[in-house]
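Data first, discussion second: the structure below is written as structure tokens.
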Amino acid sequence: MAEVIANGQASAQGNPPQLVLQKIYVKDVSFEVPGAPQIFQEFSGESDQTAPQVQLNLGHKAMDLGNDLYEVVLSVTLTCTLGERTAYLAEVEQAGLFGISGFADEDRAGVIGSYCPNLLFPYARQVISSMVLEGGFPPFLLQPINFDALYAEQMRRTTGGGDAPVQLNS
């Protein structure tokens with residue numbers, strides 16, 4: 001990382017690191033209730049039911065747009081099932097435009113892989129929560145995610161020679 005000297009000017013190594021959040025937006029969103037309206041009777045307990053099971057899948061991708069501008073997209077997919085039937089499927093791609101400059105390559109990768117998804121997650125959580133509630137189901141609140149730990153695990157697997165692609169699943 002570049003060093004900053006006492007008077008605020010960057011050392012000979014380059015400019016000081018900067019991260020500027022320029023925009024946060026929903027890139028894609030989807031909510032499906034494939035078994036409606038019968039699934040609502042099952043979900044409300046009006047019929048014999050098993051407990052709802054929820055699966056959360058997370059992922060992220062980044063695109064270098066040039067001029068130190070990056071689009072980072074956090075993908076969140078929430079699938080709720082009752083037995084073998086899908087009660088609902090909620091998907092959101094929450095994106096942000098980030099100005100990222102002055103970082104070493106390794107540090108920039110950490111910012112993109114951990115810090116940016118961490119900033120985007122509360123927005124994605126709100127979209128998912130609203131869709132589930134407005135879709136006629138009980139409220140669902142996604143718990144906080146430790147993106148630092150997920151990124152560290154991804155880096156450990158990458159440097160450890162793991163061949164399988166790493167999915168940020170919880």
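Ligands are numbered from 1 in the order shown, chains are lettered A, B, ... in the order of the structure tokens, and residues start at 1 in each chain.
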Write out as a tab-separated table the residues of segment 27-141 of chain A that have any atom within 9 Å of an atom of segment 145-156 of chain A, one row each with the nearest atom pair and its distance in Å to one decimal, counting only C-alpha atoms, sorted by chain and then rising number.
```
residue	atom	partner	partner_atom	distance
A:Gly110	CA	A:Tyr151	CA	7.4
A:Gly113	CA	A:Tyr151	CA	6.1
A:Ser114	CA	A:Phe147	CA	5.1
A:Tyr115	CA	A:Phe147	CA	7.4
A:Pro117	CA	A:Phe147	CA	7.0
A:Asn118	CA	A:Phe147	CA	6.1
A:Phe121	CA	A:Ile145	CA	8.1
```
Would you output that residue set with N, CA and C atoms, as a short mmCIF file (atom, residue, chain, number, x, y, z; two decimals), in the first residue's frame?
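As a result, part.cif now contains:
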```cif
data_model
loop_
_atom_site.label_atom_id
_atom_site.label_comp_id
_atom_site.auth_asym_id
_atom_site.auth_seq_id
_atom_site.Cartn_x
_atom_site.Cartn_y
_atom_site.Cartn_z
N GLY A 110 -8.73 -7.40 -2.27
CA GLY A 110 -9.39 -7.52 -0.98
C GLY A 110 -10.53 -6.53 -0.81
N GLY A 113 -13.27 -7.86 -3.08
CA GLY A 113 -13.80 -9.15 -2.65
C GLY A 113 -14.43 -9.18 -1.28
N SER A 114 -14.16 -8.16 -0.47
CA SER A 114 -14.67 -8.17 0.90
C SER A 114 -15.39 -6.87 1.27
N TYR A 115 -14.68 -5.77 1.14
CA TYR A 115 -15.24 -4.49 1.58
C TYR A 115 -16.47 -4.08 0.77
N PRO A 117 -18.63 -5.96 -1.18
CA PRO A 117 -19.82 -6.76 -0.88
C PRO A 117 -20.41 -6.45 0.50
N ASN A 118 -19.54 -6.14 1.46
CA ASN A 118 -20.01 -5.79 2.79
C ASN A 118 -20.85 -4.51 2.76
N PHE A 121 -24.36 -5.47 1.00
CA PHE A 121 -25.22 -6.46 1.63
C PHE A 121 -26.46 -5.88 2.32
#
```
Extract, using only C-alpha atoms, all DNA, RNA and protein residues at most 7 Å from Lys27 of chain A, discarding same-chain residues fewer than 2 positions from it, and format them as number ranges by chain. A: 25, 93-95
Output C-alpha atoms of each residue in that selection to a file, as a compact mmCIF listing (two decimals), in the first residue's frame.
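File result.txt, as written:
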```txt
# COMPACT_ATOMS: atom_id res chain seq x y z
CA TYR A 25 -28.39 0.23 -7.41
CA GLU A 93 -28.22 -8.58 -7.81
CA GLN A 94 -27.25 -5.53 -5.77
CA ALA A 95 -24.57 -3.50 -7.52
```
Which polymer residues have any atom within 8 Å of an atom of Gly83 of chain A, counting only C-alpha atoms, with same-chain residues fewer than 2 positions away left out, as an MDAnalysis selection string? chainID A and resid 49:53 81 85
Residues of the last selection are to be written out with C-alpha atoms, as a short mmCIF file (atom, residue, chain, number, x, y, z; two decimals), in the first residue's frame.
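Output contents, as saved in result-v7.cif:
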```cif
data_model
loop_
_atom_site.label_atom_id
_atom_site.label_comp_id
_atom_site.auth_asym_id
_atom_site.auth_seq_id
_atom_site.Cartn_x
_atom_site.Cartn_y
_atom_site.Cartn_z
CA GLN A 49 -46.56 -29.49 6.68
CA THR A 50 -42.92 -29.90 7.37
CA ALA A 51 -40.91 -26.99 8.68
CA PRO A 52 -39.81 -24.53 5.99
CA GLN A 53 -36.18 -24.95 4.92
CA THR A 81 -38.92 -25.04 0.51
CA ARG A 85 -42.01 -27.99 -2.94
#
```
What residues in chain A get the DSSP label alpha helix (DSSP H)? Please answer as a PDB file with C-alpha atoms, in the first residue's frame.
```
ATOM      1  CA  GLN A  38     -51.911 -23.589  -2.598  1.00  0.00           C
ATOM      2  CA  ILE A  39     -48.497 -23.005  -1.022  1.00  0.00           C
ATOM      3  CA  PHE A  40     -49.992 -20.293   1.229  1.00  0.00           C
ATOM      4  CA  GLN A  41     -52.307 -22.864   2.850  1.00  0.00           C
ATOM      5  CA  GLU A  42     -49.358 -25.165   3.461  1.00  0.00           C
ATOM      6  CA  PHE A  43     -47.210 -22.335   4.788  1.00  0.00           C
ATOM      7  CA  ASP A 105      -3.173  -5.289  -6.706  1.00  0.00           C
ATOM      8  CA  GLU A 106      -3.533  -7.617  -3.709  1.00  0.00           C
ATOM      9  CA  ASP A 107      -5.104  -4.916  -1.552  1.00  0.00           C
ATOM     10  CA  ARG A 108      -7.474  -3.856  -4.355  1.00  0.00           C
ATOM     11  CA  ALA A 109      -8.595  -7.482  -4.711  1.00  0.00           C
ATOM     12  CA  GLY A 110      -9.389  -7.523  -0.980  1.00  0.00           C
ATOM     13  CA  CYS A 116     -17.494  -3.746  -1.407  1.00  0.00           C
ATOM     14  CA  PRO A 117     -19.823  -6.761  -0.881  1.00  0.00           C
ATOM     15  CA  ASN A 118     -20.008  -5.791   2.791  1.00  0.00           C
ATOM     16  CA  LEU A 119     -21.267  -2.330   1.784  1.00  0.00           C
ATOM     17  CA  LEU A 120     -23.798  -3.778  -0.670  1.00  0.00           C
ATOM     18  CA  PHE A 121     -25.225  -6.464   1.634  1.00  0.00           C
ATOM     19  CA  PRO A 122     -27.585  -4.287   3.745  1.00  0.00           C
ATOM     20  CA  TYR A 123     -29.230  -3.024   0.563  1.00  0.00           C
ATOM     21  CA  ALA A 124     -29.640  -6.556  -0.801  1.00  0.00           C
ATOM     22  CA  ARG A 125     -31.002  -7.703   2.571  1.00  0.00           C
ATOM     23  CA  GLN A 126     -33.648  -4.962   2.479  1.00  0.00           C
ATOM     24  CA  VAL A 127     -34.726  -5.879  -1.066  1.00  0.00           C
ATOM     25  CA  ILE A 128     -34.987  -9.597  -0.165  1.00  0.00           C
ATOM     26  CA  SER A 129     -36.903  -8.837   3.039  1.00  0.00           C
ATOM     27  CA  SER A 130     -39.369  -6.586   1.212  1.00  0.00           C
ATOM     28  CA  MET A 131     -39.963  -9.114  -1.572  1.00  0.00           C
ATOM     29  CA  VAL A 132     -40.641 -11.966   0.864  1.00  0.00           C
ATOM     30  CA  LEU A 133     -43.052  -9.879   2.930  1.00  0.00           C
ATOM     31  CA  GLU A 134     -44.844  -8.406  -0.086  1.00  0.00           C
ATOM     32  CA  PHE A 147     -17.391 -11.143   4.035  1.00  0.00           C
ATOM     33  CA  ASP A 148     -13.865 -10.762   5.435  1.00  0.00           C
ATOM     34  CA  ALA A 149     -13.903 -14.405   6.552  1.00  0.00           C
ATOM     35  CA  LEU A 150     -15.446 -15.551   3.261  1.00  0.00           C
ATOM     36  CA  TYR A 151     -12.785 -13.699   1.277  1.00  0.00           C
ATOM     37  CA  ALA A 152     -10.011 -15.086   3.498  1.00  0.00           C
ATOM     38  CA  GLU A 153     -11.362 -18.618   2.945  1.00  0.00           C
ATOM     39  CA  GLN A 154     -11.544 -18.016  -0.801  1.00  0.00           C
ATOM     40  CA  MET A 155      -7.919 -16.815  -0.820  1.00  0.00           C
ATOM     41  CA  ARG A 156      -6.820 -19.768   1.322  1.00  0.00           C
ATOM     42  CA  ARG A 157      -8.415 -22.200  -1.131  1.00  0.00           C
ATOM     43  CA  THR A 158      -6.970 -20.381  -4.128  1.00  0.00           C
ATOM     44  CA  THR A 159      -3.427 -20.328  -2.755  1.00  0.00           C
TER      45      THR A 159
END
```
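Taking atom CA of Gly99 of chain A and atom CA of Val29 of chain A as the two end points, the separation is 24.5 Å.
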From the DSSP assignment of the backbone, select every residue of segment 14-89 of chain A that is strand (DSSP E), and format the answer as a VMD selection string. chain A and resid 18 to 32 53 to 66 69 to 82 85 to 89
Kindly export the residues of the current selection with C-alpha atoms, as a PDB file, in the first residue's frame.
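Resulting contents of selection-v1.pdb:
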```pdb
ATOM      1  CA  GLN A  18      -8.811   6.018  -2.233  1.00  0.00           C
ATOM      2  CA  LEU A  19     -12.182   4.316  -2.260  1.00  0.00           C
ATOM      3  CA  VAL A  20     -15.167   6.348  -3.435  1.00  0.00           C
ATOM      4  CA  LEU A  21     -18.661   4.888  -3.500  1.00  0.00           C
ATOM      5  CA  GLN A  22     -20.316   6.484  -6.524  1.00  0.00           C
ATOM      6  CA  LYS A  23     -23.634   4.666  -6.806  1.00  0.00           C
ATOM      7  CA  ILE A  24     -25.611   1.757  -5.346  1.00  0.00           C
ATOM      8  CA  TYR A  25     -28.390   0.225  -7.413  1.00  0.00           C
ATOM      9  CA  VAL A  26     -30.451  -2.910  -7.965  1.00  0.00           C
ATOM     10  CA  LYS A  27     -29.182  -4.519 -11.164  1.00  0.00           C
ATOM     11  CA  ASP A  28     -31.633  -7.428 -11.279  1.00  0.00           C
ATOM     12  CA  VAL A  29     -34.413  -8.708  -9.050  1.00  0.00           C
ATOM     13  CA  SER A  30     -36.773 -11.682  -9.171  1.00  0.00           C
ATOM     14  CA  PHE A  31     -39.391 -13.195  -6.874  1.00  0.00           C
ATOM     15  CA  GLU A  32     -41.254 -16.397  -7.689  1.00  0.00           C
ATOM     16  CA  GLN A  53     -36.185 -24.946   4.922  1.00  0.00           C
ATOM     17  CA  VAL A  54     -34.224 -21.934   3.705  1.00  0.00           C
ATOM     18  CA  GLN A  55     -31.113 -22.018   1.546  1.00  0.00           C
ATOM     19  CA  LEU A  56     -29.012 -18.896   1.000  1.00  0.00           C
ATOM     20  CA  ASN A  57     -26.523 -18.592  -1.850  1.00  0.00           C
ATOM     21  CA  LEU A  58     -24.172 -15.634  -2.142  1.00  0.00           C
ATOM     22  CA  GLY A  59     -21.770 -14.665  -4.857  1.00  0.00           C
ATOM     23  CA  HIS A  60     -20.069 -11.606  -6.195  1.00  0.00           C
ATOM     24  CA  LYS A  61     -18.378 -10.472  -9.355  1.00  0.00           C
ATOM     25  CA  ALA A  62     -16.518  -7.356 -10.353  1.00  0.00           C
ATOM     26  CA  MET A  63     -15.916  -5.639 -13.644  1.00  0.00           C
ATOM     27  CA  ASP A  64     -13.138  -3.128 -14.293  1.00  0.00           C
ATOM     28  CA  LEU A  65     -14.787  -0.261 -16.178  1.00  0.00           C
ATOM     29  CA  GLY A  66     -11.511   1.613 -16.668  1.00  0.00           C
ATOM     30  CA  LEU A  69     -13.900   2.565 -11.752  1.00  0.00           C
ATOM     31  CA  TYR A  70     -15.275  -0.857 -10.814  1.00  0.00           C
ATOM     32  CA  GLU A  71     -18.752  -2.318 -10.818  1.00  0.00           C
ATOM     33  CA  VAL A  72     -19.177  -4.838  -8.004  1.00  0.00           C
ATOM     34  CA  VAL A  73     -22.299  -7.016  -8.049  1.00  0.00           C
ATOM     35  CA  LEU A  74     -23.445  -8.997  -4.999  1.00  0.00           C
ATOM     36  CA  SER A  75     -25.806 -11.838  -5.928  1.00  0.00           C
ATOM     37  CA  VAL A  76     -28.152 -13.145  -3.239  1.00  0.00           C
ATOM     38  CA  THR A  77     -30.502 -16.074  -3.845  1.00  0.00           C
ATOM     39  CA  LEU A  78     -32.895 -17.211  -1.126  1.00  0.00           C
ATOM     40  CA  THR A  79     -34.856 -20.420  -1.677  1.00  0.00           C
ATOM     41  CA  CYS A  80     -37.536 -21.512   0.789  1.00  0.00           C
ATOM     42  CA  THR A  81     -38.923 -25.035   0.510  1.00  0.00           C
ATOM     43  CA  LEU A  82     -41.660 -27.000   2.250  1.00  0.00           C
ATOM     44  CA  ARG A  85     -42.012 -27.989  -2.936  1.00  0.00           C
ATOM     45  CA  THR A  86     -40.497 -24.576  -3.453  1.00  0.00           C
ATOM     46  CA  ALA A  87     -42.455 -22.013  -1.444  1.00  0.00           C
ATOM     47  CA  TYR A  88     -40.592 -19.040  -2.886  1.00  0.00           C
ATOM     48  CA  LEU A  89     -37.426 -18.050  -4.666  1.00  0.00           C
TER      49      LEU A  89
END
```
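Atom to atom, atom CA of Gly160 of chain A and atom CA of Phe103 of chain A stand 24.2 Å apart.
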